[in-house]
>>> print(open('protein-v6.csv').read())   # CSV, C-alpha atoms
chain,number,residue,atom,x,y,z
A,22,MET,CA,0.0,0.0,0.0
A,23,ASP,CA,1.7,3.2,-1.2
A,24,GLN,CA,-0.5,5.7,0.7
A,25,ARG,CA,1.0,7.5,3.7
A,26,ILE,CA,-1.0,6.6,6.8
A,27,ILE,CA,-0.8,8.0,10.3
A,28,PHE,CA,-2.0,5.9,13.3
A,29,ALA,CA,-3.2,7.5,16.5
A,30,GLY,CA,-4.2,5.4,19.5
A,31,THR,CA,-3.3,4.6,23.1
A,32,PRO,CA,-4.7,1.6,25.0
A,33,ASP,CA,-4.8,-2.2,24.2
A,34,PHE,CA,-8.0,-1.6,22.2
A,35,ALA,CA,-6.1,0.5,19.8
A,36,ALA,CA,-3.0,-1.7,19.8
A,37,VAL,CA,-5.1,-4.5,18.3
A,38,SER,CA,-5.9,-2.4,15.2
A,39,LEU,CA,-2.3,-1.2,14.9
A,40,LYS,CA,-1.1,-4.9,15.0
A,41,ALA,CA,-3.7,-5.8,12.3
A,42,LEU,CA,-2.4,-3.1,10.0
A,43,LEU,CA,1.2,-4.2,10.5
A,44,ASP,CA,0.3,-7.9,9.9
A,45,ALA,CA,-1.3,-6.8,6.7
A,46,GLY,CA,1.9,-5.1,5.6
A,47,ILE,CA,0.7,-1.5,6.3
A,48,ARG,CA,3.3,0.5,8.2
A,49,PRO,CA,2.2,3.9,9.3
A,50,VAL,CA,4.6,6.8,8.6
A,51,ALA,CA,4.1,7.9,12.3
A,52,VAL,CA,2.3,6.7,15.3
A,53,TYR,CA,0.7,9.2,17.7
A,54,THR,CA,-0.1,8.1,21.3
A,55,GLN,CA,-0.5,9.7,24.7
A,56,PRO,CA,2.6,10.5,26.8
A,57,ASP,CA,3.9,7.8,29.3
A,58,ARG,CA,1.8,7.7,32.4
A,59,PRO,CA,2.5,6.6,36.0
A,60,ALA,CA,1.2,3.0,36.5
A,61,GLY,CA,1.4,0.2,39.1
A,62,ARG,CA,2.1,0.4,42.8
A,63,GLY,CA,5.4,2.1,42.1
A,64,HIS,CA,3.8,4.7,39.9
A,65,ARG,CA,6.6,4.3,37.3
A,66,LEU,CA,6.2,6.1,34.0
A,67,THR,CA,4.9,3.4,31.6
A,68,PRO,CA,4.5,3.7,27.8
A,69,SER,CA,1.0,3.0,26.3
A,70,PRO,CA,0.4,-0.4,24.7
A,71,VAL,CA,0.4,1.4,21.3
A,72,LYS,CA,3.8,3.0,22.0
A,73,GLN,CA,5.2,-0.3,23.1
A,74,LEU,CA,4.1,-2.1,19.9
A,75,ALA,CA,5.2,0.8,17.7
A,76,GLN,CA,8.7,0.9,19.2
A,77,GLU,CA,9.0,-2.9,18.9
A,78,GLN,CA,8.2,-2.5,15.2
A,79,GLY,CA,10.7,0.4,14.7
A,80,LEU,CA,8.0,3.0,13.9
A,81,GLU,CA,8.3,6.7,14.6
A,82,VAL,CA,6.4,7.5,17.7
A,83,ARG,CA,5.1,11.0,18.7
A,84,THR,CA,3.6,11.8,22.1
A,85,PRO,CA,2.3,15.4,22.1
A,86,LEU,CA,0.6,16.4,25.4
A,87,ASN,CA,-2.2,18.0,23.2
A,88,PHE,CA,-2.4,19.9,20.0
A,89,LYS,CA,-2.6,23.4,21.5
A,90,ASP,CA,1.0,24.0,20.5
A,91,ALA,CA,1.1,25.2,16.9
A,92,LYS,CA,4.4,23.3,16.4
A,93,ASP,CA,2.6,20.0,17.0
A,94,VAL,CA,0.0,20.8,14.4
A,95,GLU,CA,2.7,21.8,11.9
A,96,ASP,CA,4.7,18.6,12.5
A,97,PHE,CA,1.5,16.6,11.9
A,98,ALA,CA,0.7,18.4,8.7
A,99,ALA,CA,4.4,18.0,7.5
A,100,LEU,CA,3.9,14.3,7.3
A,101,LYS,CA,1.8,14.9,4.2
A,102,SER,CA,-0.3,11.9,4.9
A,103,ASP,CA,-3.2,10.5,2.9
A,104,LEU,CA,-5.2,9.3,6.0
A,105,CYS,CA,-5.1,9.3,9.7
A,106,ILE,CA,-6.6,6.3,11.5
A,107,VAL,CA,-7.7,7.1,15.1
A,108,VAL,CA,-8.5,4.4,17.6
A,109,ALA,CA,-9.1,5.3,21.3
A,110,TYR,CA,-6.5,8.0,21.1
A,111,GLY,CA,-7.9,10.0,24.1
A,112,LEU,CA,-7.1,13.5,22.8
A,113,ILE,CA,-9.4,15.9,21.0
A,114,LEU,CA,-8.0,16.7,17.6
A,115,PRO,CA,-8.4,20.4,16.4
A,116,GLN,CA,-9.8,21.1,13.0
A,117,ALA,CA,-6.4,21.8,11.6
A,118,VAL,CA,-5.3,18.3,12.4
A,119,LEU,CA,-8.6,16.7,11.1
A,120,ASP,CA,-8.0,18.5,7.8
A,121,ALA,CA,-4.3,17.8,7.4
A,122,PRO,CA,-4.4,14.4,5.8
A,123,ARG,CA,-5.6,14.3,2.1
A,124,LEU,CA,-8.6,12.1,3.0
A,125,GLY,CA,-9.0,13.4,6.6
A,126,CYS,CA,-9.2,11.2,9.7
A,127,ILE,CA,-11.3,8.1,10.4
A,128,ASN,CA,-12.1,6.5,13.7
A,129,VAL,CA,-12.9,3.0,15.0
A,130,HIS,CA,-15.6,3.5,17.6
A,131,GLY,CA,-16.8,0.8,20.0
A,132,SER,CA,-20.5,1.0,19.4
A,133,LEU,CA,-23.2,0.9,16.7
A,134,LEU,CA,-23.5,4.6,16.1
A,135,PRO,CA,-25.3,6.8,16.5
A,136,ARG,CA,-26.0,5.1,19.8
A,137,TYR,CA,-23.4,5.4,22.6
A,138,ARG,CA,-21.3,8.3,21.4
A,139,GLY,CA,-18.7,9.3,23.9
A,140,ALA,CA,-16.1,7.9,26.3
A,141,ALA,CA,-17.6,4.6,27.6
A,142,PRO,CA,-19.7,3.0,24.8
A,143,ILE,CA,-18.8,-0.6,25.7
A,144,GLN,CA,-19.5,-0.3,29.4
A,145,ARG,CA,-22.7,1.7,28.9
A,146,ALA,CA,-24.2,-0.8,26.5
A,147,LEU,CA,-23.6,-3.5,29.0
A,148,LEU,CA,-24.9,-1.4,31.9
A,149,ASP,CA,-28.1,-0.7,29.9
A,150,GLY,CA,-28.7,-4.4,29.3
A,151,GLN,CA,-28.3,-4.3,25.6
A,152,LYS,CA,-28.4,-7.6,23.8
A,153,GLU,CA,-26.1,-6.4,20.9
A,154,THR,CA,-23.2,-4.1,20.4
A,155,GLY,CA,-20.6,-3.6,17.7
A,156,VAL,CA,-18.1,-1.2,16.1
A,157,THR,CA,-18.4,1.6,13.6
A,158,VAL,CA,-15.7,3.0,11.3
A,159,MET,CA,-16.6,6.7,10.8
A,160,LYS,CA,-15.2,10.0,9.5
A,161,LEU,CA,-13.9,12.1,12.3
A,162,ILE,CA,-15.3,15.6,12.6
A,163,LYS,CA,-15.2,18.2,15.3
A,164,LYS,CA,-18.5,17.2,16.9
A,165,LEU,CA,-18.1,14.2,19.2
A,166,ASP,CA,-18.5,10.8,17.3
A,167,ALA,CA,-21.0,12.4,14.9
A,168,GLY,CA,-19.2,11.9,11.6
A,169,GLY,CA,-20.5,10.0,8.6
A,170,MET,CA,-20.3,6.1,8.9
A,171,PHE,CA,-18.2,4.1,6.4
A,172,ALA,CA,-19.0,0.7,7.9
A,173,SER,CA,-20.3,-1.1,11.0
A,174,ALA,CA,-20.3,-4.7,12.4
A,175,SER,CA,-22.3,-6.1,15.3
A,176,LEU,CA,-21.9,-8.9,17.8
A,177,PRO,CA,-24.2,-10.3,20.5
A,178,ILE,CA,-23.6,-9.6,24.2
A,179,ALA,CA,-23.4,-12.8,26.1
A,180,ASP,CA,-24.9,-13.2,29.6
A,181,SER,CA,-21.3,-13.9,30.9
A,182,ASP,CA,-19.7,-10.8,29.2
A,183,THR,CA,-18.0,-8.2,31.3
A,184,SER,CA,-16.7,-4.9,30.0
A,185,GLY,CA,-13.3,-6.6,29.9
A,186,THR,CA,-14.4,-9.5,27.6
A,187,LEU,CA,-16.3,-7.1,25.4
A,188,PHE,CA,-13.3,-4.9,25.0
A,189,GLU,CA,-11.3,-7.9,23.7
A,190,LYS,CA,-14.1,-9.0,21.3
A,191,LEU,CA,-14.7,-5.5,20.0
A,192,ALA,CA,-11.0,-4.7,19.6
A,193,ALA,CA,-10.7,-7.7,17.3
A,194,LEU,CA,-13.9,-6.9,15.4
A,195,GLY,CA,-12.8,-3.2,15.1
A,196,ALA,CA,-9.5,-4.3,13.5
A,197,GLN,CA,-11.2,-6.6,11.1
A,198,THR,CA,-13.8,-4.0,10.1
A,199,LEU,CA,-11.0,-1.4,9.6
A,200,LEU,CA,-8.9,-3.7,7.4
A,201,LYS,CA,-11.9,-4.8,5.3
A,202,ASN,CA,-12.9,-1.2,4.5
A,203,LEU,CA,-9.5,0.6,4.4
A,204,GLY,CA,-8.9,-0.1,0.7
A,205,PRO,CA,-12.2,1.3,-0.5
A,206,ILE,CA,-11.8,4.3,1.8
A,207,LEU,CA,-8.4,5.1,0.5
A,208,ALA,CA,-9.6,4.6,-3.1
A,209,GLY,CA,-12.5,7.0,-2.5
A,210,THR,CA,-15.0,4.4,-3.6
A,211,LEU,CA,-16.6,4.1,-0.1
A,212,ARG,CA,-18.5,7.1,1.0
A,213,PRO,CA,-19.6,7.8,4.6
A,214,LEU,CA,-23.4,7.8,5.3
A,215,PRO,CA,-24.7,10.5,7.7
A,216,GLN,CA,-25.9,9.4,11.2
A,217,ASP,CA,-29.5,9.7,12.3
A,218,GLU,CA,-29.2,12.5,14.9
A,219,SER,CA,-32.6,11.6,16.3
A,220,GLN,CA,-31.2,8.2,17.4
A,221,ALA,CA,-28.0,9.5,19.0
A,222,THR,CA,-27.3,8.7,22.7
A,223,TYR,CA,-24.3,9.6,24.8
A,224,ALA,CA,-22.1,7.2,26.8
A,225,GLU,CA,-20.7,9.2,29.7
A,226,LYS,CA,-17.4,7.9,31.2
A,227,LEU,CA,-17.5,5.8,34.3
A,228,SER,CA,-16.3,6.9,37.8
A,229,LYS,CA,-15.5,5.3,41.1
A,230,ASP,CA,-18.6,6.9,42.6
A,231,MET,CA,-20.6,4.3,40.6
A,232,SER,CA,-19.0,1.4,42.4
A,233,PRO,CA,-21.3,0.8,45.5
A,234,LEU,CA,-24.1,-1.7,44.9
A,235,ASP,CA,-27.6,-0.7,46.0
A,236,PHE,CA,-29.4,-4.0,46.9
A,237,LYS,CA,-32.8,-2.2,46.7
A,238,GLN,CA,-32.3,-2.6,42.9
A,239,SER,CA,-33.3,-5.9,41.2
A,240,ALA,CA,-30.8,-8.8,40.9
A,241,ARG,CA,-30.8,-8.3,37.1
A,242,GLU,CA,-29.8,-4.6,37.4
A,243,LEU,CA,-27.0,-5.4,39.9
A,244,ASP,CA,-25.7,-8.2,37.8
A,245,LEU,CA,-25.4,-5.8,34.8
A,246,LYS,CA,-23.6,-3.3,37.0
A,247,VAL,CA,-21.1,-5.9,38.3
A,248,ARG,CA,-20.3,-6.9,34.8
A,249,ALA,CA,-20.2,-3.4,33.3
A,250,LEU,CA,-17.8,-2.2,36.1
A,251,ASN,CA,-15.4,-5.1,35.6
A,252,PRO,CA,-12.4,-4.5,35.3
A,253,TRP,CA,-12.8,-0.9,36.3
A,254,PRO,CA,-13.9,0.7,38.6
A,255,VAL,CA,-15.3,-2.6,40.0
A,256,ALA,CA,-18.6,-2.9,42.0
A,257,THR,CA,-18.3,-2.8,45.8
A,258,ALA,CA,-20.5,-3.8,48.8
A,259,GLU,CA,-19.8,-3.6,52.5
A,260,SER,CA,-20.3,-6.3,55.1
A,261,GLY,CA,-19.2,-6.3,58.7
A,262,GLY,CA,-17.2,-3.0,58.2
A,263,VAL,CA,-15.3,-4.5,55.3
A,264,ARG,CA,-15.7,-3.1,51.8
A,265,TYR,CA,-15.4,-5.9,49.2
A,266,LYS,CA,-14.9,-5.5,45.5
A,267,ILE,CA,-17.4,-7.7,43.6
A,268,PHE,CA,-15.9,-9.1,40.4
A,269,GLU,CA,-18.5,-11.8,39.6
A,270,ALA,CA,-22.0,-12.6,40.6
A,271,ILE,CA,-25.0,-14.6,39.5
A,272,PRO,CA,-28.6,-13.1,39.4
A,273,LYS,CA,-31.5,-15.3,40.6
A,274,ALA,CA,-35.0,-14.4,39.7
A,275,GLY,CA,-37.5,-14.2,42.5
A,276,GLU,CA,-40.0,-12.1,44.4
A,277,ARG,CA,-39.4,-8.9,46.2
A,278,HIS,CA,-37.6,-8.9,49.5
A,279,SER,CA,-38.5,-6.8,52.5
A,280,ASP,CA,-34.9,-6.6,53.7
A,281,PRO,CA,-32.6,-6.0,50.7
A,282,GLY,CA,-29.0,-6.6,51.5
A,283,LYS,CA,-29.7,-9.4,53.9
A,284,ILE,CA,-27.4,-12.5,53.5
A,285,LEU,CA,-29.8,-15.4,52.7
A,286,GLY,CA,-27.1,-18.1,52.8
A,287,PHE,CA,-23.9,-19.2,51.4
A,288,GLY,CA,-22.5,-22.4,49.9
A,289,SER,CA,-20.4,-23.7,47.0
A,290,GLU,CA,-22.2,-21.3,44.6
A,291,GLY,CA,-21.3,-18.2,46.6
A,292,ILE,CA,-22.9,-15.8,49.1
A,293,GLU,CA,-26.6,-15.2,48.3
A,294,VAL,CA,-27.9,-11.6,49.0
A,295,ALA,CA,-31.5,-10.4,49.0
A,296,CYS,CA,-32.3,-7.7,46.4
A,297,GLY,CA,-35.2,-5.5,45.8
A,298,GLU,CA,-36.3,-8.2,43.4
A,299,GLY,CA,-34.7,-11.6,43.3
A,300,SER,CA,-31.3,-12.3,44.8
A,301,LEU,CA,-27.7,-11.9,43.8
A,302,VAL,CA,-25.1,-14.6,44.5
A,303,LEU,CA,-21.7,-13.1,45.0
A,304,LYS,CA,-19.2,-15.4,43.4
A,305,THR,CA,-15.8,-13.7,43.2
A,306,ILE,CA,-14.9,-11.0,45.7
A,307,GLN,CA,-11.8,-9.2,47.1
A,308,ALA,CA,-11.2,-7.7,50.5
A,309,PRO,CA,-8.9,-4.6,50.8
A,310,GLY,CA,-5.2,-5.6,50.5
A,311,LYS,CA,-6.1,-9.2,49.6
A,312,GLY,CA,-6.4,-11.1,46.3
A,313,GLN,CA,-9.6,-12.2,44.6
A,314,VAL,CA,-11.3,-15.2,46.2
A,315,ASP,CA,-14.2,-17.6,45.9
A,316,ALA,CA,-16.9,-15.9,48.0
A,317,GLY,CA,-18.6,-19.1,49.0
A,318,ALA,CA,-15.3,-20.6,50.2
A,319,LEU,CA,-14.5,-17.5,52.1
A,320,ALA,CA,-17.9,-17.5,53.9
A,321,ARG,CA,-17.5,-21.2,54.7
A,322,SER,CA,-14.1,-20.6,56.2
A,323,CYS,CA,-15.3,-17.9,58.6
A,324,PRO,CA,-19.1,-18.4,58.8
A,325,GLN,CA,-19.4,-16.1,61.9
A,326,LYS,CA,-18.5,-13.1,59.6
A,327,PHE,CA,-21.4,-13.7,57.2
A,328,GLU,CA,-24.1,-15.8,59.0
A,329,GLY,CA,-27.1,-13.6,59.7
A,330,GLY,CA,-25.2,-10.6,58.3
A,331,ARG,CA,-25.9,-8.3,55.4
A,332,PHE,CA,-24.3,-6.3,52.6
A,333,ASP,CA,-24.8,-2.6,52.2
>>> encode(input="protein-v6.csv", output="C-alpha cells")
Amino acid sequence: MDQRIIFAGTPDFAAVSLKALLDAGIRPVAVYTQPDRPAGRGHRLTPSPVKQLAQEQGLEVRTPLNFKDAKDVEDFAALKSDLCIVVAYGLILPQAVLDAPRLGCINVHGSLLPRYRGAAPIQRALLDGQKETGVTVMKLIKKLDAGGMFASASLPIADSDTSGTLFEKLAALGAQTLLKNLGPILAGTLRPLPQDESQATYAEKLSKDMSPLDFKQSARELDLKVRALNPWPVATAESGGVRYKIFEAIPKAGERHSDPGKILGFGSEGIEVACGEGSLVLKTIQAPGKGQVDAGALARSCPQKFEGGRFD
C-alpha cells in the first residue's frame, strides 16, 4: 500500500488495530499516542500499549501532550499523509489536524453509532442491558462521534460478558472491520453515510462513585452493574465493616424482599444476598489488601462473619 497513513491510539483496544495493520503489511509513517503515564504500585512512568508495539516495530512515535502547541500541528501536517486512523487516542483533535491528511481522519468506535457516542460506549451498552453491540468506522469531525459512517459490524452480548471481555471482542472486530474497508476508503469508492441524529445517545465515562451496589435494585440490574464495572472501577459492597470488591455474581429471579442486602445463605455457589427483586449470588470478591477469592469458600471458612449478616 503506497498511501501514507498516520495511526493515533493509546490503549490495548487501539494496539489490536495497529497490529492488524502491521500484519497486513501496512506500516504507518508515524504513530501518535498519549505520553507515558504513572502505573502500578510504584507509579513508574509506563508507555502506552500502542507505543510499546510501535517501538518494537521500529515505527516513529510521537507523544504530544495535546495539539494546542502550533508546532505539534505543523509537525503533523508536515507528514503529508493520505489518511489518519484514530482508535481510542484519548485526545481531542483540532480542525487543523482533522483537515491535514488528504482524506481526513477516520475513527474506529466501540458502538453501533449513532448510539453510545462518547467515552464509555462498551460499558454503557452492557450497563443498559443491551443484547447487541458492535463497532463503527466513521469519519472524524469536530462534533463528538458524529461523523459519517463508512461501515459497522455487530456482535451479541453474552450473559457472561464483562466490559473486559467485550473490549477484547470489539477490539478484534474493530480491527477486522477497519482492514476490510480501508482499501475502498483510500480509493475514494466508499462514501460515509450520515448518522441519524434523532437516534443519538451519549455514553458518559465511568467513575469510582458508581461502584457501590444498592441492593434495593433488582438482581438483574445489579448483575449488569457488576459486569459493566469489571475490570474498572469494579462494583463494591460492604459487610461487617469491610468493603469488598465484587468481580463476579449470578442473578437469581424471585419475588421482592422486604430486607434488601440481607445474606440469605452461602455455599459452593457463593454468598446469596437479597435484592429489591430476586437475589444476587456473590461469586468472586476481594477484601482490601487481599487477592480475589471464591466468595462461598471465604464464607464457609469464617461463617461467623457472614451468617445472619448483610451487605450494604
>>> closest_atom_pairs(input="protein-v6.csv", of="range 194-287 of chain A", to="range 34-44 of chain A", cutoff="10 Å", atoms="only C-alpha atoms", output="Markdown table")
| residue | atom | partner | partner_atom | distance |
| --- | --- | --- | --- | --- |
| A:Leu194 | CA | A:Ser38 | CA | 9.2 |
| A:Gly195 | CA | A:Ser38 | CA | 6.9 |
| A:Ala196 | CA | A:Ser38 | CA | 4.4 |
| A:Gln197 | CA | A:Ala41 | CA | 7.6 |
| A:Thr198 | CA | A:Ser38 | CA | 9.5 |
| A:Leu199 | CA | A:Ser38 | CA | 7.6 |
| A:Leu200 | CA | A:Leu42 | CA | 7.0 |
| A:Leu203 | CA | A:Leu42 | CA | 9.8 |
>>> closest_atom_pairs(input="protein-v6.csv", of="range 173-210 of chain A", to="range 101-104 of chain A", cutoff="12 Å", atoms="all atoms listed in the file", output="JSON lines")
{"residue": "A:Leu203", "atom": "CA", "partner": "A:Leu104", "partner_atom": "CA", "distance": 9.8}
{"residue": "A:Gly204", "atom": "CA", "partner": "A:Leu104", "partner_atom": "CA", "distance": 11.4}
{"residue": "A:Ile206", "atom": "CA", "partner": "A:Leu104", "partner_atom": "CA", "distance": 9.3}
{"residue": "A:Leu207", "atom": "CA", "partner": "A:Leu104", "partner_atom": "CA", "distance": 7.6}
{"residue": "A:Ala208", "atom": "CA", "partner": "A:Asp103", "partner_atom": "CA", "distance": 10.6}
{"residue": "A:Gly209", "atom": "CA", "partner": "A:Asp103", "partner_atom": "CA", "distance": 11.3}
>>> residues_around(input="protein-v6.csv", residues="Gly329 in chain A", least_positions_apart="6", cutoff="9 Å", atoms="all atoms listed in the file", output="PDB file with C-alpha atoms, in the frame of the given file")
ATOM      1  CA  LYS A 283     -29.700  -9.400  53.900  1.00  0.00           C
ATOM      2  CA  ILE A 284     -27.400 -12.500  53.500  1.00  0.00           C
ATOM      3  CA  LEU A 285     -29.800 -15.400  52.700  1.00  0.00           C
ATOM      4  CA  GLY A 286     -27.100 -18.100  52.800  1.00  0.00           C
TER       5      GLY A 286
END
>>> closest_residue(input="protein-v6.csv", among="A:Arg65, A:Arg83, A:Arg123, A:Ala117", to="Gln24 in chain A", atoms="all atoms listed in the file")
A:Arg123
>>> closest_residue(input="protein-v6.csv", among="A:Ile143, A:Ala91, A:Ala258, A:Ala75", to="Pro115 in chain A", atoms="only C-alpha atoms")
A:Ala91
>>> residues_around(input="protein-v6.csv", residues="Val255 in chain A", least_positions_apart="6", cutoff="7 Å", atoms="only C-alpha atoms", output="list in words")
Ser232, Val247, Lys266, Ile267 and Phe268 of chain A
>>> residues_around(input="protein-v6.csv", residues="range 311-319 of chain A", least_positions_apart="2", cutoff="8 Å", atoms="all atoms listed in the file", output="ChimeraX atom specification")
/A:287-292,303-309,321-323
>>> residues_around(input="protein-v6.csv", residues="range 149-161 of chain A", least_positions_apart="6", cutoff="6 Å", atoms="all atoms listed in the file", output="VMD selection string")
chain A and resid 126 to 133 168 to 178 195
>>> atom_distance(input="protein-v6.csv", atom1="CA of Glu293 in chain A", atom2="CA of Pro324 in chain A")
13.3 Å
